[in-house]
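Next comes target37.cif, a file with mmCIF, C-alpha atoms.
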```
data_coords
loop_
_atom_site.label_atom_id
_atom_site.label_comp_id
_atom_site.auth_asym_id
_atom_site.auth_seq_id
_atom_site.Cartn_x
_atom_site.Cartn_y
_atom_site.Cartn_z
CA MET A 89 -5.66 13.50 4.57
CA HIS A 90 -4.35 15.83 1.88
CA GLN A 91 -4.97 13.56 -1.11
CA LYS A 92 -7.73 15.79 -2.52
CA GLY A 93 -5.96 19.04 -1.68
CA VAL A 94 -6.64 22.23 0.22
CA ALA A 95 -8.81 25.13 -0.98
CA VAL A 96 -7.70 28.54 0.33
CA ILE A 97 -10.40 31.17 -0.22
CA ALA A 98 -10.08 34.93 0.26
CA ILE A 99 -12.61 37.68 -0.44
CA THR A 100 -10.54 40.87 0.07
CA ARG A 101 -7.28 42.23 -1.37
CA ARG A 102 -5.53 41.94 2.01
CA GLY A 103 -6.96 38.47 2.40
CA VAL A 104 -5.44 37.42 -0.93
CA GLU A 105 -1.99 38.48 0.29
CA THR A 106 -2.44 36.28 3.35
CA ALA A 107 -3.87 33.42 1.26
CA LEU A 108 -0.76 33.39 -0.95
CA LYS A 109 1.43 33.20 2.16
CA ILE A 110 -0.65 30.23 3.30
CA LYS A 111 -0.17 28.51 -0.06
CA LYS A 112 3.58 29.04 0.21
CA ALA A 113 3.54 27.37 3.64
CA LEU A 114 1.51 24.45 2.28
CA ASP A 115 3.82 24.11 -0.74
CA ALA A 116 6.80 23.86 1.60
CA GLU A 117 5.15 20.83 3.21
CA GLY A 118 4.31 19.23 -0.14
CA LEU A 119 0.56 19.75 0.36
CA PRO A 120 -1.38 20.53 -2.84
CA SER A 121 -3.53 23.65 -2.65
CA ASN A 122 -5.26 26.33 -4.73
CA VAL A 123 -6.00 29.93 -3.82
CA TYR A 124 -9.41 31.31 -4.87
CA ALA A 125 -10.56 34.95 -4.84
CA PRO A 126 -13.04 37.23 -6.63
CA LYS A 127 -11.97 38.17 -10.14
CA LYS A 128 -11.21 41.79 -9.19
CA TYR A 129 -8.49 40.57 -6.81
CA SER A 130 -7.03 37.93 -9.13
CA GLN A 131 -3.28 37.81 -9.75
CA ALA A 132 -0.61 35.22 -10.46
CA GLY A 133 -1.25 32.10 -8.40
CA VAL A 134 -4.92 32.91 -7.76
CA VAL A 135 -7.89 31.14 -9.35
CA SER A 136 -10.67 33.58 -10.21
CA LEU A 137 -13.84 32.99 -8.17
CA ASP A 138 -16.87 33.71 -10.35
CA VAL A 139 -19.51 32.60 -7.82
CA LYS A 140 -20.50 33.71 -4.32
CA PHE A 141 -18.50 32.25 -1.44
CA SER A 142 -21.52 30.28 -0.21
CA ASP A 143 -21.97 28.74 -3.67
CA PHE A 144 -18.28 27.84 -3.81
CA ILE A 145 -18.67 25.99 -0.50
CA LYS A 146 -21.76 24.19 -1.81
CA ASP A 147 -19.90 23.04 -4.92
CA ASN A 148 -16.64 22.04 -3.23
CA TYR A 149 -17.46 20.99 0.34
CA GLY A 150 -16.91 17.27 -0.23
CA LYS A 151 -14.26 17.62 -2.93
CA VAL A 152 -11.34 18.84 -0.81
CA ASP A 153 -9.54 17.68 2.31
CA ALA A 154 -9.59 21.13 3.84
CA LEU A 155 -11.17 24.56 3.42
CA VAL A 156 -9.07 27.49 4.63
CA ALA A 157 -11.21 30.62 4.63
CA VAL A 158 -9.37 33.93 4.96
CA MET A 159 -12.23 36.06 6.26
CA ALA A 160 -14.42 36.62 9.33
CA THR A 161 -15.33 33.32 11.00
CA GLY A 162 -19.02 34.23 11.02
CA ILE A 163 -19.08 34.15 7.22
CA VAL A 164 -17.41 30.73 7.21
CA ILE A 165 -19.75 29.22 9.80
CA ARG A 166 -22.89 30.38 7.99
CA ALA A 167 -21.58 29.02 4.67
CA VAL A 168 -20.62 25.52 5.89
CA ALA A 169 -23.51 24.99 8.34
CA PRO A 170 -25.98 23.51 5.80
CA PHE A 171 -23.47 20.83 4.76
CA LEU A 172 -22.28 19.48 8.12
CA GLU A 173 -22.59 15.69 8.35
CA SER A 174 -20.07 13.98 10.64
CA LYS A 175 -16.66 14.56 12.16
CA LEU A 176 -15.60 11.42 10.27
CA THR A 177 -16.52 12.78 6.83
CA ASP A 178 -16.55 16.59 7.01
CA PRO A 179 -13.42 18.27 5.61
CA ALA A 180 -11.16 20.26 7.88
CA VAL A 181 -12.40 23.85 8.07
CA ILE A 182 -10.02 26.60 9.17
CA GLY A 183 -10.60 30.32 9.57
CA VAL A 184 -7.86 32.92 9.16
CA ASP A 185 -8.27 36.67 9.61
CA ALA A 186 -7.36 38.78 6.59
CA ALA A 187 -4.26 40.20 8.29
CA GLY A 188 -3.00 36.69 9.05
CA LYS A 189 -2.71 37.16 12.83
CA PHE A 190 -4.80 34.14 13.89
CA VAL A 191 -5.41 30.68 12.43
CA ILE A 192 -8.50 29.02 13.92
CA SER A 193 -9.39 25.34 13.77
CA LEU A 194 -13.18 25.36 13.30
CA LEU A 195 -14.27 21.90 12.17
CA SER A 196 -12.94 18.31 12.06
CA GLY A 197 -10.07 19.15 14.35
CA HIS A 198 -8.99 15.59 15.05
CA TYR A 199 -10.04 13.04 12.44
CA GLY A 200 -10.18 15.60 9.63
CA GLY A 201 -6.79 17.01 10.58
CA ALA A 202 -7.82 20.65 11.08
CA ASN A 203 -5.82 21.02 14.29
CA GLU A 204 -2.63 19.73 12.68
CA LEU A 205 -3.16 21.92 9.60
CA THR A 206 -3.87 24.94 11.80
CA LYS A 207 -0.51 24.54 13.55
CA LEU A 208 1.29 24.06 10.24
CA ILE A 209 -0.25 27.18 8.66
CA ALA A 210 0.28 29.29 11.77
CA LYS A 211 3.95 28.35 11.86
CA GLY A 212 4.33 29.05 8.14
CA ILE A 213 2.81 32.55 8.24
CA LYS A 214 4.00 33.41 11.77
CA ALA A 215 0.48 33.59 13.22
CA THR A 216 -1.13 32.39 16.46
CA PRO A 217 -2.87 29.00 16.22
CA VAL A 218 -6.25 28.81 17.97
CA ILE A 219 -7.33 25.28 18.93
CA THR A 220 -10.21 24.69 21.34
CA THR A 221 -10.80 20.91 21.35
CA ALA A 222 -10.79 19.71 24.96
CA SER A 223 -8.13 17.02 24.65
CA ASP A 224 -5.70 19.41 22.97
CA VAL A 225 -6.31 22.10 25.58
CA MET A 226 -5.54 19.47 28.25
CA GLY A 227 -2.49 18.25 26.32
CA LYS A 228 -4.01 14.79 25.74
CA GLN A 229 -4.61 12.61 22.69
CA SER A 230 -8.25 11.97 21.78
CA VAL A 231 -9.25 8.63 20.33
CA ASP A 232 -10.21 10.20 16.98
CA GLU A 233 -6.84 11.98 16.83
CA LEU A 234 -5.19 8.61 17.48
CA ALA A 235 -7.26 7.06 14.68
CA ARG A 236 -6.18 9.79 12.26
CA ILE A 237 -2.49 9.49 13.10
CA LEU A 238 -2.48 5.69 12.84
CA ARG A 239 -4.80 5.56 9.78
CA LEU A 240 -7.47 3.50 11.55
CA ASP A 241 -11.17 3.52 10.66
CA ILE A 242 -13.60 4.37 13.47
CA GLN A 243 -16.36 1.73 13.43
CA ASN A 244 -18.64 3.08 16.19
CA PRO A 245 -18.42 6.90 16.22
CA GLU A 246 -21.22 7.10 18.80
CA SER A 247 -18.61 5.97 21.37
CA LEU A 248 -16.30 8.95 20.88
CA VAL A 249 -17.95 11.36 23.33
CA ALA A 250 -17.76 8.91 26.26
CA VAL A 251 -14.24 7.67 25.51
CA ASN A 252 -12.85 11.16 24.93
CA ALA A 253 -14.53 12.36 28.15
CA ALA A 254 -12.67 9.61 30.02
CA ILE A 255 -9.40 10.74 28.43
CA VAL A 256 -9.95 14.42 29.27
CA ASN A 257 -10.99 13.58 32.85
CA GLY A 258 -7.85 11.56 33.49
CA ASP A 259 -9.59 8.18 33.82
CA SER A 260 -7.74 4.94 33.07
CA VAL A 261 -7.84 4.27 29.32
CA VAL A 262 -6.47 1.28 27.41
CA LEU A 263 -5.62 0.59 23.78
CA VAL A 264 -5.97 -3.14 22.97
CA LEU A 265 -4.31 -4.63 19.88
CA VAL A 266 -6.08 -7.78 18.67
CA GLY A 267 -4.24 -10.62 16.94
CA ASP A 268 -1.39 -9.65 14.63
CA VAL A 269 -2.32 -5.96 14.51
CA LYS A 270 0.65 -3.68 15.02
CA VAL A 271 0.86 0.06 15.53
CA PRO A 272 3.83 2.38 16.10
CA VAL A 273 3.51 2.67 19.89
CA GLU A 274 5.71 5.76 19.98
CA LEU A 275 2.81 7.68 18.39
CA VAL A 276 0.36 6.60 21.12
CA ASN A 277 0.03 9.00 24.04
CA GLY A 278 -2.02 8.53 27.22
CA PHE A 279 -3.26 4.99 26.55
CA GLU A 280 -1.97 1.89 28.30
CA ILE A 281 -1.24 -0.61 25.51
CA LYS A 282 -2.27 -4.26 25.80
CA LYS A 283 -2.45 -7.20 23.39
CA ALA A 284 -5.23 -9.75 23.07
CA LYS A 285 -5.53 -12.97 21.06
CA ASN A 286 -9.14 -12.31 20.13
CA GLY A 287 -12.04 -9.89 20.48
CA ALA A 288 -13.51 -11.63 23.53
CA ARG A 289 -10.27 -11.18 25.46
CA ALA A 290 -10.00 -7.58 24.26
CA LEU A 291 -13.41 -6.79 25.74
CA GLU A 292 -12.39 -8.37 29.05
CA ILE A 293 -9.36 -6.10 29.15
CA VAL A 294 -11.38 -2.96 28.33
CA ASN A 295 -13.87 -3.79 31.10
CA SER A 296 -11.07 -3.61 33.66
CA TYR A 297 -10.42 0.04 32.70
CA ASP A 298 -12.65 3.13 32.68
CA ALA A 299 -12.69 3.25 28.87
CA GLY A 300 -10.69 2.09 25.90
CA ALA A 301 -10.17 1.49 22.22
CA ILE A 302 -9.77 -1.82 20.42
CA VAL A 303 -7.67 -2.09 17.25
CA THR A 304 -8.76 -5.10 15.21
CA ARG A 305 -8.94 -6.50 11.69
CA GLU A 306 -11.93 -8.74 12.40
CA PRO A 307 -15.54 -7.86 13.38
CA LEU A 308 -16.17 -7.88 17.13
CA ASN A 309 -18.99 -9.61 18.98
CA ILE A 310 -19.86 -6.88 21.47
CA ASP A 311 -22.68 -8.53 23.43
CA LYS A 312 -20.87 -8.33 26.75
CA PHE A 313 -19.31 -5.02 27.59
CA VAL A 314 -19.57 -2.61 30.47
CA LYS A 315 -17.18 0.25 29.77
CA PRO A 316 -17.26 2.64 26.80
CA PHE A 317 -14.87 1.71 23.99
CA THR A 318 -14.16 2.63 20.40
CA ILE A 319 -13.57 -0.02 17.73
CA LEU A 320 -10.74 0.94 15.38
CA LYS A 321 -10.50 -1.12 12.18
CA ALA A 322 -6.94 -1.74 11.03
CA LYS A 323 -6.70 -2.12 7.29
CA ARG A 324 -3.71 -3.75 5.61
CA PHE A 325 -1.07 -1.46 4.05
CA VAL A 326 1.38 -2.82 1.50
CA VAL A 327 4.19 -0.88 -0.18
CA GLY A 328 5.08 -2.05 -3.69
CA LEU A 329 8.70 -1.50 -4.71
CA GLY A 330 10.79 -1.35 -7.85
CA CYS A 331 14.39 -0.16 -8.16
CA ARG A 332 17.46 -0.04 -10.37
CA LYS A 333 20.26 -2.55 -9.88
CA ASN A 334 22.55 0.10 -8.42
CA SER A 335 20.00 1.46 -5.92
CA SER A 336 21.16 1.56 -2.31
CA ALA A 337 19.15 0.55 0.74
CA GLU A 338 19.26 4.18 1.86
CA SER A 339 17.80 5.44 -1.43
CA ILE A 340 14.96 2.92 -1.17
CA VAL A 341 14.23 3.94 2.42
CA ASP A 342 14.30 7.61 1.40
CA ALA A 343 11.82 6.98 -1.45
CA VAL A 344 9.49 5.00 0.82
CA ASN A 345 9.56 7.67 3.54
CA ALA A 346 8.81 10.40 0.98
CA ALA A 347 5.84 8.38 -0.30
CA LEU A 348 4.55 7.74 3.22
CA LYS A 349 4.74 11.44 4.02
CA ARG A 350 2.59 12.28 1.00
CA ILE A 351 -0.32 10.25 2.40
CA SER A 352 0.41 10.75 6.14
CA LEU A 353 0.99 7.04 6.78
CA PRO A 354 3.42 6.15 9.60
CA ALA A 355 6.13 3.65 8.63
CA GLY A 356 5.06 1.53 11.59
CA ARG A 357 1.71 0.83 9.87
CA ILE A 358 3.31 -0.94 6.90
CA ASP A 359 2.33 -4.60 7.01
CA CYS A 360 4.44 -5.77 4.10
CA PHE A 361 6.63 -4.76 1.15
CA ALA A 362 6.17 -6.41 -2.23
CA SER A 363 8.12 -6.67 -5.47
CA VAL A 364 8.86 -8.94 -8.43
CA ASP A 365 10.80 -12.14 -7.77
CA ILE A 366 13.70 -11.17 -10.04
CA LYS A 367 14.58 -8.81 -7.16
CA LYS A 368 14.64 -11.57 -4.53
CA ASP A 369 18.45 -11.41 -4.36
CA SER A 370 18.57 -7.61 -4.15
CA VAL A 371 20.60 -6.91 -1.02
CA ALA A 372 19.54 -3.25 -1.09
CA MET A 373 15.82 -4.05 -1.19
CA LEU A 374 16.07 -6.72 1.51
CA GLU A 375 18.09 -4.39 3.74
CA ALA A 376 15.65 -1.49 3.19
CA ALA A 377 12.69 -3.65 4.22
CA LYS A 378 14.60 -4.73 7.33
CA MET A 379 15.44 -1.10 8.17
CA LEU A 380 11.76 -0.17 7.84
CA GLY A 381 10.63 -3.13 9.97
CA ALA A 382 8.30 -5.08 7.67
CA PRO A 383 8.59 -8.35 5.68
CA LEU A 384 9.22 -8.37 1.93
CA GLU A 385 7.19 -10.62 -0.38
CA PHE A 386 8.13 -11.46 -3.96
CA LEU A 387 5.73 -12.32 -6.79
CA SER A 388 6.32 -13.92 -10.16
CA VAL A 389 6.06 -12.02 -13.42
CA ASP A 390 3.10 -14.23 -14.33
CA ALA A 391 1.28 -13.36 -11.10
CA LEU A 392 1.86 -9.65 -11.65
CA GLY A 393 0.81 -9.84 -15.28
CA SER A 394 -2.44 -11.63 -14.49
CA LEU A 395 -3.79 -8.72 -12.41
CA ASN A 396 -6.54 -6.54 -13.85
CA HIS A 397 -7.42 -3.61 -11.61
CA LYS A 398 -9.05 -0.23 -12.23
CA ASP A 399 -6.37 1.62 -10.20
CA LEU A 400 -3.41 0.53 -12.32
CA SER A 401 -1.41 3.17 -14.19
CA PRO A 402 -0.80 2.64 -17.93
CA ASP A 403 1.81 -0.03 -18.63
CA SER A 404 5.40 0.99 -19.28
CA ALA A 405 6.69 -0.34 -22.59
CA MET A 406 10.25 -0.23 -21.25
CA VAL A 407 9.40 -2.29 -18.16
CA GLN A 408 7.32 -4.68 -20.29
CA GLU A 409 10.29 -5.26 -22.61
CA LYS A 410 12.75 -5.59 -19.74
CA ILE A 411 10.96 -8.03 -17.42
CA GLY A 412 7.81 -9.15 -19.24
CA VAL A 413 5.17 -7.15 -17.37
CA GLY A 414 4.14 -3.51 -17.79
CA GLY A 415 4.56 -2.48 -14.16
CA VAL A 416 5.75 -3.86 -10.83
CA CYS A 417 5.16 -1.74 -7.74
CA GLU A 418 1.41 -1.05 -8.18
CA ARG A 419 0.60 -4.63 -9.15
CA ALA A 420 2.67 -6.11 -6.32
CA ALA A 421 1.11 -3.81 -3.72
CA LEU A 422 -2.46 -4.55 -4.85
CA ILE A 423 -1.98 -8.32 -4.95
CA VAL A 424 -0.34 -8.61 -1.53
CA ALA A 425 -2.83 -6.18 0.05
CA GLY A 426 -5.48 -8.80 -0.71
CA LYS A 427 -9.25 -8.49 -0.55
CA ASN A 428 -10.83 -5.31 -1.90
CA SER A 429 -7.43 -3.67 -2.26
CA ARG A 430 -7.05 -0.21 -3.76
CA LEU A 431 -4.15 2.12 -4.45
CA ILE A 432 -3.92 5.01 -2.02
CA LEU A 433 -0.74 6.20 -3.73
CA LYS A 434 -0.04 5.45 -7.38
CA LYS A 435 3.54 4.81 -8.43
CA THR A 436 5.96 7.60 -7.66
CA LYS A 437 9.61 7.78 -8.72
CA ARG A 438 12.49 9.07 -6.65
CA ASN A 439 16.18 8.53 -7.40
CA GLY A 440 15.60 5.39 -9.44
CA VAL A 441 13.15 3.86 -6.96
CA THR A 442 9.44 3.39 -7.70
CA VAL A 443 6.94 3.16 -4.85
CA ALA A 444 3.20 2.51 -4.74
CA ILE A 445 1.01 1.96 -1.68
CA ALA A 446 -2.12 -0.19 -1.51
CA GLU A 447 -4.75 -0.55 1.20
CA GLY A 448 -6.64 -3.80 1.69
CA GLU A 449 -9.05 -5.30 4.18
#
```
Could you write out this file's structure as structure tokens?
Amino acid sequence: MHQKGVAVIAITRRGVETALKIKKALDAEGLPSNVYAPKKYSQAGVVSLDVKFSDFIKDNYGKVDALVAVMATGIVIRAVAPFLESKLTDPAVIGVDAAGKFVISLLSGHYGGANELTKLIAKGIKATPVITTASDVMGKQSVDELARILRLDIQNPESLVAVNAAIVNGDSVVLVLVGDVKVPVELVNGFEIKKAKNGARALEIVNSYDAGAIVTREPLNIDKFVKPFTILKAKRFVVGLGCRKNSSAESIVDAVNAALKRISLPAGRIDCFASVDIKKDSVAMLEAAKMLGAPLEFLSVDALGSLNHKDLSPDSAMVQEKIGVGGVCERAALIVAGKNSRLILKKTKRNGVTVAIAEGE
């Protein structure tokens, strides 16, 4: 979430004051946002809204990660209703009263991140968060919330109602990790965690519980199952690295953690780090990868230079002159991520360290 940004819309003068406070709270968390309001209420930091609110929603519904509407919730509901599709694709929709007393998670609470954003905004503007999803009310973690936190793709959304009902009702629920899949278990709450060599064994395990979720990289043959379960596809995440000779392990770790925060990816979901082989003796880079708990793979300059990919940033003449290829971290990440890889974070620089993150199948 939060790669496309947050739209904060107000329609009254008091609402604009609250909207600007919301933007300040989002800025503090490094979340990109814009405040929109009718032209007569425009001021510094506000984009003039020259269309009706309903038309703005129509034009921007699928173009942002979240819509924060500072107005009566009835207006918001009527505006978004024609565009609702799925909890897996709808943006987070949040309502805030003009005075900024309440922040209400209205749509895509779990997978879309509305509940998390509601808490963040409420804390930032000193308001009361209002969250009504059953699992949150019961203090439990839904399977779609788990998928959002761990960056897993839900393959069979029709299972969510039954599995989440089992969670809310206190039934026995299992999370099965298939093959070499790894997840940061400290972020999993309320699921018993098991490992299975293959999908067939995973289904056997789920059938001994009331419900479950299976985290896998491979397609599952689901002919024989009794209990409700959600299939969570684990994609491959690779962090490409570049750094100066005098970079420390701590500075590399700091740059990686900052990059991960920007795309809400837990460090425990990193499958591999990647860089150019002239860095293979870099003690700092090797130590940083060890500290972050993932292997480090090195590629030759020729291998990096042979990659053509639509996601690549323009080549750097300085890097080209120095090592013989126009860029390292993006190319390394894309190659090691493998099949159908794409950049989910283009190269970023922090204290002499460059980081890019690729996602692959």
Counting only C-alpha atoms, which residues have an atom no more than 10 Å from (13.9, -9.3, -10.6) in the file's coordinates? Please list them as a compact mmCIF listing (two decimals) with C-alpha atoms, keeping the file's coordinate frame.
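Done, and the output landed in result-v2.txt:
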```txt
# COMPACT_ATOMS: atom_id res chain seq x y z
CA GLY A 330 10.79 -1.35 -7.85
CA CYS A 331 14.39 -0.16 -8.16
CA ARG A 332 17.46 -0.04 -10.37
CA LYS A 333 20.26 -2.55 -9.88
CA SER A 363 8.12 -6.67 -5.47
CA VAL A 364 8.86 -8.94 -8.43
CA ASP A 365 10.80 -12.14 -7.77
CA ILE A 366 13.70 -11.17 -10.04
CA LYS A 367 14.58 -8.81 -7.16
CA LYS A 368 14.64 -11.57 -4.53
CA ASP A 369 18.45 -11.41 -4.36
CA SER A 370 18.57 -7.61 -4.15
CA PHE A 386 8.13 -11.46 -3.96
CA LEU A 387 5.73 -12.32 -6.79
CA SER A 388 6.32 -13.92 -10.16
CA VAL A 389 6.06 -12.02 -13.42
CA LYS A 410 12.75 -5.59 -19.74
CA ILE A 411 10.96 -8.03 -17.42
CA VAL A 416 5.75 -3.86 -10.83
```
Check: Between atom CA of A:Thr220 and atom CA of A:Ile255, what is the distance, to one decimal in Å?
Finding: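 Separating atom CA of A:Thr220 from atom CA of A:Ile255 is a distance of 15.7 Å.
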Notebook entry, point to check: A:Ile302: which residues within 8 Å, counting all atoms listed in the file, same-chain residues fewer than 4 positions away excluded, as a PyMOL selection string?
Noted result: chain A and resi 263-266+290+317-320
Check: Of the candidates A:Asn439, A:Ser401, A:Ser247, A:Asn396, which one gets nearest to A:Ser339 if we count only C-alpha atoms?
Finding: A:Asn439
Box along x, y and z, 8 Å on every side, all listed atoms of stretch 328-344 of chain A inside: centre and edge lengths in Å to one decimal, as AutoDock Vina command-line options.
```
--center_x 13.8 --center_y 2.5 --center_z -4.0 --size_x 33.5 --size_y 26.2 --size_z 28.8
```
Apply the PyMOL selection byres ((chain A and resi 267-283) around 7) to the file shown and report the selected residues as a PDB file with C-alpha atoms, in the coordinates of the input.
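See result-v9.pdb below for the written result:
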```pdb
ATOM      1  CA  LYS A 228      -4.010  14.790  25.740  1.00  0.00           C
ATOM      2  CA  GLN A 229      -4.610  12.610  22.690  1.00  0.00           C
ATOM      3  CA  LEU A 234      -5.190   8.610  17.480  1.00  0.00           C
ATOM      4  CA  VAL A 261      -7.840   4.270  29.320  1.00  0.00           C
ATOM      5  CA  VAL A 262      -6.470   1.280  27.410  1.00  0.00           C
ATOM      6  CA  LEU A 263      -5.620   0.590  23.780  1.00  0.00           C
ATOM      7  CA  VAL A 264      -5.970  -3.140  22.970  1.00  0.00           C
ATOM      8  CA  LEU A 265      -4.310  -4.630  19.880  1.00  0.00           C
ATOM      9  CA  VAL A 266      -6.080  -7.780  18.670  1.00  0.00           C
ATOM     10  CA  ALA A 284      -5.230  -9.750  23.070  1.00  0.00           C
ATOM     11  CA  LYS A 285      -5.530 -12.970  21.060  1.00  0.00           C
ATOM     12  CA  ASN A 286      -9.140 -12.310  20.130  1.00  0.00           C
ATOM     13  CA  THR A 304      -8.760  -5.100  15.210  1.00  0.00           C
ATOM     14  CA  GLY A 356       5.060   1.530  11.590  1.00  0.00           C
ATOM     15  CA  ARG A 357       1.710   0.830   9.870  1.00  0.00           C
TER      16      ARG A 357
END
```
Next item on the list: Would you kindly return, as a list of chain:residue names, each protein, DNA or RNA residue with an atom no farther than 7 Å from any atom of stretch 157-166 of chain A, considering all atoms listed in the file and excluding same-chain residues fewer than 2 positions away?
Entry: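 The neighbour list is A:Val96, A:Ile97, A:Ala98, A:Ile99, A:Gly103, A:Ala107, A:Leu155, A:Val168, A:Ala169, A:Ile182, A:Gly183, A:Val184, A:Asp185, A:Ala186.
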Note to self: Counting only C-alpha atoms, find residues at most 12 Å from (2.9, 25.7, 11.8) (file frame) and give them as a count of residues only.
What the structure shows: 24
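Take the PyMOL selection byres ((chain A and resi 133-138) around 10) and apply it to this file: it picks Val96, Ile97, Ala98, Ile99, Val104, Ala107, Leu108, Lys111, Asn122, Val123, Tyr124, Ala125, Pro126, Lys127, Lys128, Tyr129, Ser130, Gln131, Ala132, Val139, Lys140, Phe141, Asp143 and Phe144 of chain A.
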Next item on the list: Would you work out the distance separating atom CA of A:Arg101 from atom CA of A:Asp178, expressed in Å to one decimal?
Entry: 28.5 Å
Notebook entry, point to check: Rounded to one decimal in Å, what is the spacing between atom CA of A:Val314 and atom CA of A:Asp241?
Noted result: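 Here the two named atoms are 22.4 Å from each other.
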Checklist line | Nearest residue to A:Ser230 from the set A:Arg419, A:His198, A:Arg102, A:Lys151 (distances using all atoms listed in the file) | finding: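 The answer is A:His198, which sits nearest to A:Ser230.
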Next item on the list: Please write the residues picked by the PyMOL selection byres ((chain A and resi 149) around 12) on this file as number ranges by chain.
Entry: A: 92-95, 141-148, 150-156, 164, 167-173, 177-181
What would the file look like if the residues just selected were written as a compact mmCIF listing (two decimals), in the coordinates of the input with C-alpha atoms?
```
# COMPACT_ATOMS: atom_id res chain seq x y z
CA LYS A 92 -7.73 15.79 -2.52
CA GLY A 93 -5.96 19.04 -1.68
CA VAL A 94 -6.64 22.23 0.22
CA ALA A 95 -8.81 25.13 -0.98
CA PHE A 141 -18.50 32.25 -1.44
CA SER A 142 -21.52 30.28 -0.21
CA ASP A 143 -21.97 28.74 -3.67
CA PHE A 144 -18.28 27.84 -3.81
CA ILE A 145 -18.67 25.99 -0.50
CA LYS A 146 -21.76 24.19 -1.81
CA ASP A 147 -19.90 23.04 -4.92
CA ASN A 148 -16.64 22.04 -3.23
CA GLY A 150 -16.91 17.27 -0.23
CA LYS A 151 -14.26 17.62 -2.93
CA VAL A 152 -11.34 18.84 -0.81
CA ASP A 153 -9.54 17.68 2.31
CA ALA A 154 -9.59 21.13 3.84
CA LEU A 155 -11.17 24.56 3.42
CA VAL A 156 -9.07 27.49 4.63
CA VAL A 164 -17.41 30.73 7.21
CA ALA A 167 -21.58 29.02 4.67
CA VAL A 168 -20.62 25.52 5.89
CA ALA A 169 -23.51 24.99 8.34
CA PRO A 170 -25.98 23.51 5.80
CA PHE A 171 -23.47 20.83 4.76
CA LEU A 172 -22.28 19.48 8.12
CA GLU A 173 -22.59 15.69 8.35
CA THR A 177 -16.52 12.78 6.83
CA ASP A 178 -16.55 16.59 7.01
CA PRO A 179 -13.42 18.27 5.61
CA ALA A 180 -11.16 20.26 7.88
CA VAL A 181 -12.40 23.85 8.07
```
Margin query: Need to verify the contact set: stretch 343-351 of chain A, 8 Å, all atoms listed in the file, exclusion of same-chain residues closer than 2 positions in sequence. Can you return it as a PyMOL selection string?
Written below: chain A and resi 89-91+118-119+327+339-341+353-355+432-433+436-439+441-444
Next item on the list: Compare A:Leu176, A:Gln408, A:Thr221, A:Pro120 by their minimum atom-to-atom distance to A:Ile192, counting all atoms listed in the file, and give me the closest one.
Entry: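 Going through A:Leu176, A:Gln408, A:Thr221, A:Pro120 one by one, the smallest distance to A:Ile192 is for A:Thr221.
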